[in-house]
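See below for coords-v1.csv, which holds CSV, C-alpha atoms and all ligand atoms.
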chain,number,residue,atom,x,y,z
H,187,MET,CA,-84.5,57.8,210.9
H,188,ALA,CA,-86.3,56.4,207.9
H,189,ILE,CA,-86.3,58.3,204.5
H,190,GLY,CA,-89.4,60.2,203.4
H,191,GLU,CA,-92.2,58.7,201.2
H,192,ASP,CA,-91.3,60.8,198.1
H,193,GLU,CA,-87.6,59.9,198.3
H,194,PHE,CA,-88.5,56.2,198.7
H,195,ARG,CA,-91.0,56.2,195.8
H,196,HIS,CA,-88.3,57.9,193.6
H,197,SER,CA,-85.7,55.2,194.7
H,198,LEU,CA,-88.1,52.3,194.0
H,199,ALA,CA,-89.1,53.7,190.6
H,200,ALA,CA,-85.5,53.1,189.5
H,201,TRP,CA,-86.0,49.3,189.9
H,202,PRO,CA,-87.3,47.8,186.6
H,203,SER,CA,-90.0,45.2,187.0
H,204,GLY,CA,-92.5,43.1,185.1
H,205,VAL,CA,-96.2,43.8,185.5
H,206,THR,CA,-98.7,41.3,186.8
H,207,VAL,CA,-102.4,41.2,187.3
H,208,LEU,CA,-103.1,39.6,190.6
H,209,THR,CA,-106.6,37.9,190.7
H,210,SER,CA,-108.7,36.1,193.3
H,211,ARG,CA,-112.1,34.5,193.7
H,212,SER,CA,-114.3,34.1,196.8
H,213,GLY,CA,-117.6,32.4,196.2
H,214,ASP,CA,-119.0,33.9,193.0
H,215,ARG,CA,-117.0,37.2,193.4
H,216,ILE,CA,-113.8,37.7,191.2
H,217,HIS,CA,-111.5,40.6,191.3
H,218,GLY,CA,-108.0,41.6,190.3
H,219,MET,CA,-105.5,44.5,190.3
H,220,THR,CA,-102.2,45.4,188.6
H,221,VAL,CA,-99.2,44.5,190.7
H,222,SER,CA,-95.5,44.9,190.1
H,223,ASP,CA,-94.4,43.9,193.6
H,224,PHE,CA,-94.1,40.2,192.8
H,225,SER,CA,-91.2,37.9,193.4
H,226,GLY,CA,-90.2,34.3,193.6
H,227,ALA,CA,-89.6,33.4,197.2
H,228,SER,CA,-88.6,29.7,197.5
H,229,LEU,CA,-87.8,26.9,195.0
H,230,SER,CA,-88.6,24.0,197.3
H,231,PRO,CA,-91.4,24.3,198.1
H,232,PRO,CA,-92.4,26.6,195.2
H,233,LEU,CA,-93.4,29.9,196.8
H,234,VAL,CA,-94.0,33.4,195.5
H,235,ALA,CA,-94.5,36.7,197.3
H,236,VAL,CA,-96.8,39.6,196.4
H,237,CYS,CA,-97.2,42.9,198.2
H,238,CYS,CA,-100.7,44.2,198.4
H,239,GLN,CA,-101.8,47.6,199.7
H,240,LEU,CA,-104.2,47.6,202.6
H,241,GLY,CA,-107.7,48.7,201.6
H,242,SER,CA,-107.6,47.3,198.1
H,243,ILE,CA,-110.5,45.1,197.1
H,244,THR,CA,-108.2,42.5,195.7
H,245,THR,CA,-106.2,42.4,199.0
H,246,ASP,CA,-109.5,41.8,200.9
H,247,LEU,CA,-110.6,39.1,198.5
H,248,ILE,CA,-107.3,37.2,198.9
H,249,ALA,CA,-107.6,37.5,202.7
H,250,GLU,CA,-111.1,35.9,202.4
H,251,SER,CA,-110.3,33.2,199.8
H,252,ASP,CA,-106.7,32.3,200.7
H,253,CYS,CA,-105.8,32.0,197.1
H,254,PHE,CA,-104.6,34.1,194.2
H,255,GLY,CA,-103.6,34.0,190.6
H,256,VAL,CA,-100.5,35.8,189.2
H,257,ASN,CA,-100.7,36.7,185.5
H,258,VAL,CA,-97.4,38.1,184.2
H,259,LEU,CA,-98.5,40.5,181.4
H,260,ALA,CA,-97.2,40.4,177.9
H,261,ALA,CA,-95.8,43.5,176.1
H,262,ASP,CA,-99.1,44.0,174.2
H,263,GLN,CA,-101.2,44.0,177.4
H,264,VAL,CA,-100.7,47.7,178.4
H,265,GLU,CA,-104.4,48.3,178.2
H,266,ILE,CA,-105.1,45.4,180.6
H,267,SER,CA,-102.5,46.8,183.0
H,268,ASN,CA,-104.1,50.2,183.0
H,269,ARG,CA,-107.6,48.8,183.3
H,270,PHE,CA,-106.7,46.6,186.3
H,271,ALA,CA,-105.0,49.6,188.0
H,272,SER,CA,-107.9,52.1,187.4
H,273,LYS,CA,-110.7,52.6,189.9
H,274,LYS,CA,-112.8,53.9,187.0
H,275,TYR,CA,-112.9,50.4,185.5
H,276,GLU,CA,-113.2,48.7,188.9
H,277,HIS,CA,-116.5,47.0,188.0
H,278,VAL,CA,-115.6,46.0,184.4
H,279,ARG,CA,-112.1,44.8,184.7
H,280,PHE,CA,-112.7,41.3,183.4
H,281,GLU,CA,-115.2,42.4,180.7
H,282,THR,CA,-112.9,42.4,177.7
H,283,VAL,CA,-110.4,39.9,179.1
H,284,PRO,CA,-110.9,36.2,178.4
H,285,TYR,CA,-109.8,34.0,181.3
H,286,THR,CA,-109.9,30.5,182.5
H,287,VAL,CA,-110.3,29.3,186.1
H,288,GLY,CA,-107.4,27.8,188.0
H,289,LEU,CA,-107.6,24.9,190.5
H,290,THR,CA,-108.0,27.4,193.3
H,291,GLY,CA,-110.8,29.2,191.5
H,292,SER,CA,-108.6,32.2,190.7
H,293,PRO,CA,-109.0,33.7,187.2
H,294,LEU,CA,-106.0,33.1,184.9
H,295,LEU,CA,-105.9,35.7,182.1
H,296,GLU,CA,-105.4,34.6,178.5
H,297,GLY,CA,-102.6,36.3,176.6
H,298,ALA,CA,-100.3,36.5,179.6
H,299,VAL,CA,-96.7,35.3,179.6
H,300,VAL,CA,-97.1,33.2,182.8
H,301,ASN,CA,-100.1,32.1,184.8
H,302,LEU,CA,-99.5,30.9,188.3
H,303,ASP,CA,-102.3,29.5,190.5
H,304,CYS,CA,-101.4,29.9,194.2
H,305,LYS,CA,-102.6,29.0,197.6
H,306,VAL,CA,-101.8,31.4,200.5
H,307,VAL,CA,-99.4,29.7,203.0
H,308,SER,CA,-98.4,32.8,205.0
H,309,THR,CA,-99.4,36.4,205.5
H,310,TYR,CA,-97.1,39.2,206.8
H,311,ALA,CA,-98.1,42.7,207.9
H,312,ALA,CA,-95.8,45.2,206.1
H,313,GLY,CA,-96.7,48.8,207.0
H,314,ASP,CA,-99.4,50.0,204.6
H,315,HIS,CA,-99.1,46.7,202.7
H,316,VAL,CA,-99.6,43.0,203.4
H,317,ILE,CA,-97.3,40.4,201.9
H,318,TYR,CA,-98.9,37.2,200.8
H,319,LEU,CA,-96.7,34.1,200.4
H,320,GLY,CA,-98.3,31.6,198.0
H,321,GLN,CA,-97.5,28.1,197.2
H,322,VAL,CA,-97.7,27.6,193.4
H,323,GLU,CA,-100.3,24.8,192.6
H,324,SER,CA,-100.0,25.1,188.9
H,325,SER,CA,-98.1,27.1,186.3
H,326,GLU,CA,-98.3,27.8,182.6
H,327,VAL,CA,-95.6,29.6,180.6
H,328,HIS,CA,-96.1,31.0,177.1
H,329,ASP,CA,-93.5,32.2,174.6
H,330,ARG,CA,-94.4,35.9,174.6
H,331,GLN,CA,-92.5,39.1,175.4
H,332,PRO,CA,-93.2,40.5,178.9
H,333,LEU,CA,-94.3,44.0,179.7
H,334,VAL,CA,-91.7,46.0,181.6
H,335,TYR,CA,-92.3,49.0,184.0
H,336,TRP,CA,-89.6,51.4,184.9
H,337,LYS,CA,-89.6,55.0,186.3
H,338,GLY,CA,-93.4,55.3,186.0
H,339,GLY,CA,-93.8,54.1,182.4
H,340,TYR,CA,-94.1,51.0,180.3
H,341,ARG,CA,-90.9,50.1,178.5
H,342,GLU,CA,-89.8,47.8,175.7
H,343,MET,CA,-87.1,45.2,176.4
H,344,ARG,CA,-84.1,45.1,174.2
H,345,ILE,CA,-83.2,41.5,173.5
H,346,GLU,CA,-79.4,40.8,173.1
H,347,GLU,CA,-78.5,37.8,171.1
H,348,ASP,CA,-77.3,34.9,173.4
H,349,LYS,CA,-73.6,34.5,173.1
P,1,LIG,C1,-97.6,49.5,187.2
P,1,LIG,C2,-98.4,49.4,188.4
P,1,LIG,C3,-98.0,48.6,189.5
P,1,LIG,C4,-98.7,48.5,190.6
P,1,LIG,N1,-98.2,47.6,191.6
P,1,LIG,C5,-99.0,47.5,192.8
P,1,LIG,C6,-98.5,46.6,193.8
P,1,LIG,O1,-97.4,45.9,193.6
P,1,LIG,N2,-99.3,46.4,194.9
P,1,LIG,C7,-100.5,47.1,195.0
P,1,LIG,O2,-101.1,46.9,196.1
P,1,LIG,N3,-100.9,47.9,194.1
P,1,LIG,C8,-100.2,48.2,193.0
P,1,LIG,N4,-100.7,49.0,192.0
P,1,LIG,C9,-101.9,49.8,192.2
P,1,LIG,C10,-103.2,49.0,192.1
P,1,LIG,O3,-103.2,48.3,190.8
P,1,LIG,C11,-104.4,49.9,192.1
P,1,LIG,O4,-104.4,50.6,193.3
P,1,LIG,C12,-105.8,49.2,191.9
P,1,LIG,O5,-106.7,50.2,191.6
P,1,LIG,C13,-106.3,48.5,193.2
P,1,LIG,O6,-107.5,47.8,192.8
P,1,LIG,P1,-108.6,47.3,193.8
P,1,LIG,O7,-108.7,48.2,195.0
P,1,LIG,O8,-109.8,47.2,193.0
P,1,LIG,O9,-108.1,45.9,194.2
P,1,LIG,C14,-99.9,49.2,190.8
P,1,LIG,C15,-100.4,50.0,189.8
P,1,LIG,C16,-99.6,50.1,188.6
P,1,LIG,C17,-100.2,51.0,187.4

Using the file provided, produce a representation of the structure as structure tokens.
Ligand SMILES: Cc1cc2nc3c(=O)[nH]c(=O)nc-3n(C[C@H](O)[C@H](O)[C@H](O)COP(=O)(O)O)c2cc1C
Amino acid sequence: MAIGEDEFRHSLAAWPSGVTVLTSRSGDRIHGMTVSDFSGASLSPPLVAVCCQLGSITTDLIAESDCFGVNVLAADQVEISNRFASKKYEHVRFETVPYTVGLTGSPLLEGAVVNLDCKVVSTYAAGDHVIYLGQVESSEVHDRQPLVYWKGGYREMRIEEDK
């Protein structure tokens, strides 16, 4: 028998993650949401996986466009993370955030640590989420500290000197 939702949430919260803003574009509509369920999936070909809740506007837009951008947020982008997670700011999410447009048309946020522009190659149903597997068409990495999320809060990374 499977464990309950609260117990599962509690278990997952103990897993530290980075924070991304997942974006997409279909026609002249752009949208995006905060996502921590992001992972590399294959090196060759270069694939990433993102888990998106059913019913989210971003999830629907990706289903429509078959493309997405992954923006790994920097430590100083907490406000952006909160904005892209909040329904209150649903219609103004991109207003204060400069972005460029990737090859797929997905918005790529400035100030992020990494920007990945991806084309959906597979979609998997996963309970109340859908998993999109995307092939990375282009990537940009910047020398910035990443934002970390753990046990329901944003954390600072402690950097140990390399031995
Ligand atoms: C730190 C953090 C991580 C999140 N991770 C995910 C995630 O991995 N997948 C997801 O579907 N929603 C995730 N969310 C929730 C969405 O960002 C939130 O429901 C958003 O309002 C959905 O926006 P939309 O319906 O406008 O697309 C996360 C929220 C926060 C604050």

Please write out the residues within 9 Å of ligand LIG 1 (chain P) as a PyMOL selection string, counting all atoms listed in the file.
chain H and resi 203-209+217-224+236-247+267-277+279+315-316+334-336+338-340

Min atom-atom distance to Leu302 of chain H from the set H:Ser212, H:Gln263, H:Ser228, H:Asn257, counting all atoms listed in the file, belongs to H:Asn257

Nearest to Ser308 of chain H, restricted to all atoms listed in the file and choosing among H:Lys337, H:Ile345, H:Gly291, H:Ala249, comes out as H:Ala249

One decimal place gives the atom CA of Ser324 of chain H-atom CA of Pro293 of chain H separation as 12.6 Å

Nearest to Gly213 of chain H, restricted to only C-alpha atoms and choosing among H:Glu346, H:Asp252, H:Ala312, H:Asn301, comes out as H:Asp252

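Nearest residue to Cys304 of chain H, choosing from H:Ile216, H:Val264, H:Leu259, H:Leu289 and counting all atoms listed in the file: H:Leu289.
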
What does the structure give for the distance between atom CA of Arg344 of chain H and atom CA of Asp329 of chain H, in Å to one decimal?
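The value is 16.0 Å.
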
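Proximity to Leu233 of chain H was assessed for H:Val278, H:Val256, H:Ala261, H:Val283 counting all atoms listed in the file; the smallest distance is recorded for H:Val256.
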
Practice problem: Go through H:Glu281, H:Glu323, H:Glu191, H:Glu296 one by one, measure the shortest atom-to-atom distance of each to Cys253 of chain H using all atoms listed in the file, and give the residue with the smallest value. | Solution: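 Counting all atoms listed in the file, the residue closest to Cys253 of chain H is H:Glu323.
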
Applying 6 Å and only C-alpha atoms, which residues near Leu319 of chain H remain after dropping the ones on its own chain fewer than 4 positions away? List them as a PDB file with C-alpha atoms, in the frame of the given file.
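Saved result, result-v4.pdb, follows:
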ATOM      1  CA  VAL H 234     -94.000  33.400 195.500  1.00  0.00           C
ATOM      2  CA  ALA H 235     -94.500  36.700 197.300  1.00  0.00           C
ATOM      3  CA  VAL H 306    -101.800  31.400 200.500  1.00  0.00           C
ATOM      4  CA  VAL H 307     -99.400  29.700 203.000  1.00  0.00           C
ATOM      5  CA  SER H 308     -98.400  32.800 205.000  1.00  0.00           C
TER       6      SER H 308
END

Correct to one decimal, the distance atom CA of Gly288 of chain H-atom CA of Ala311 of chain H is 26.5 Å
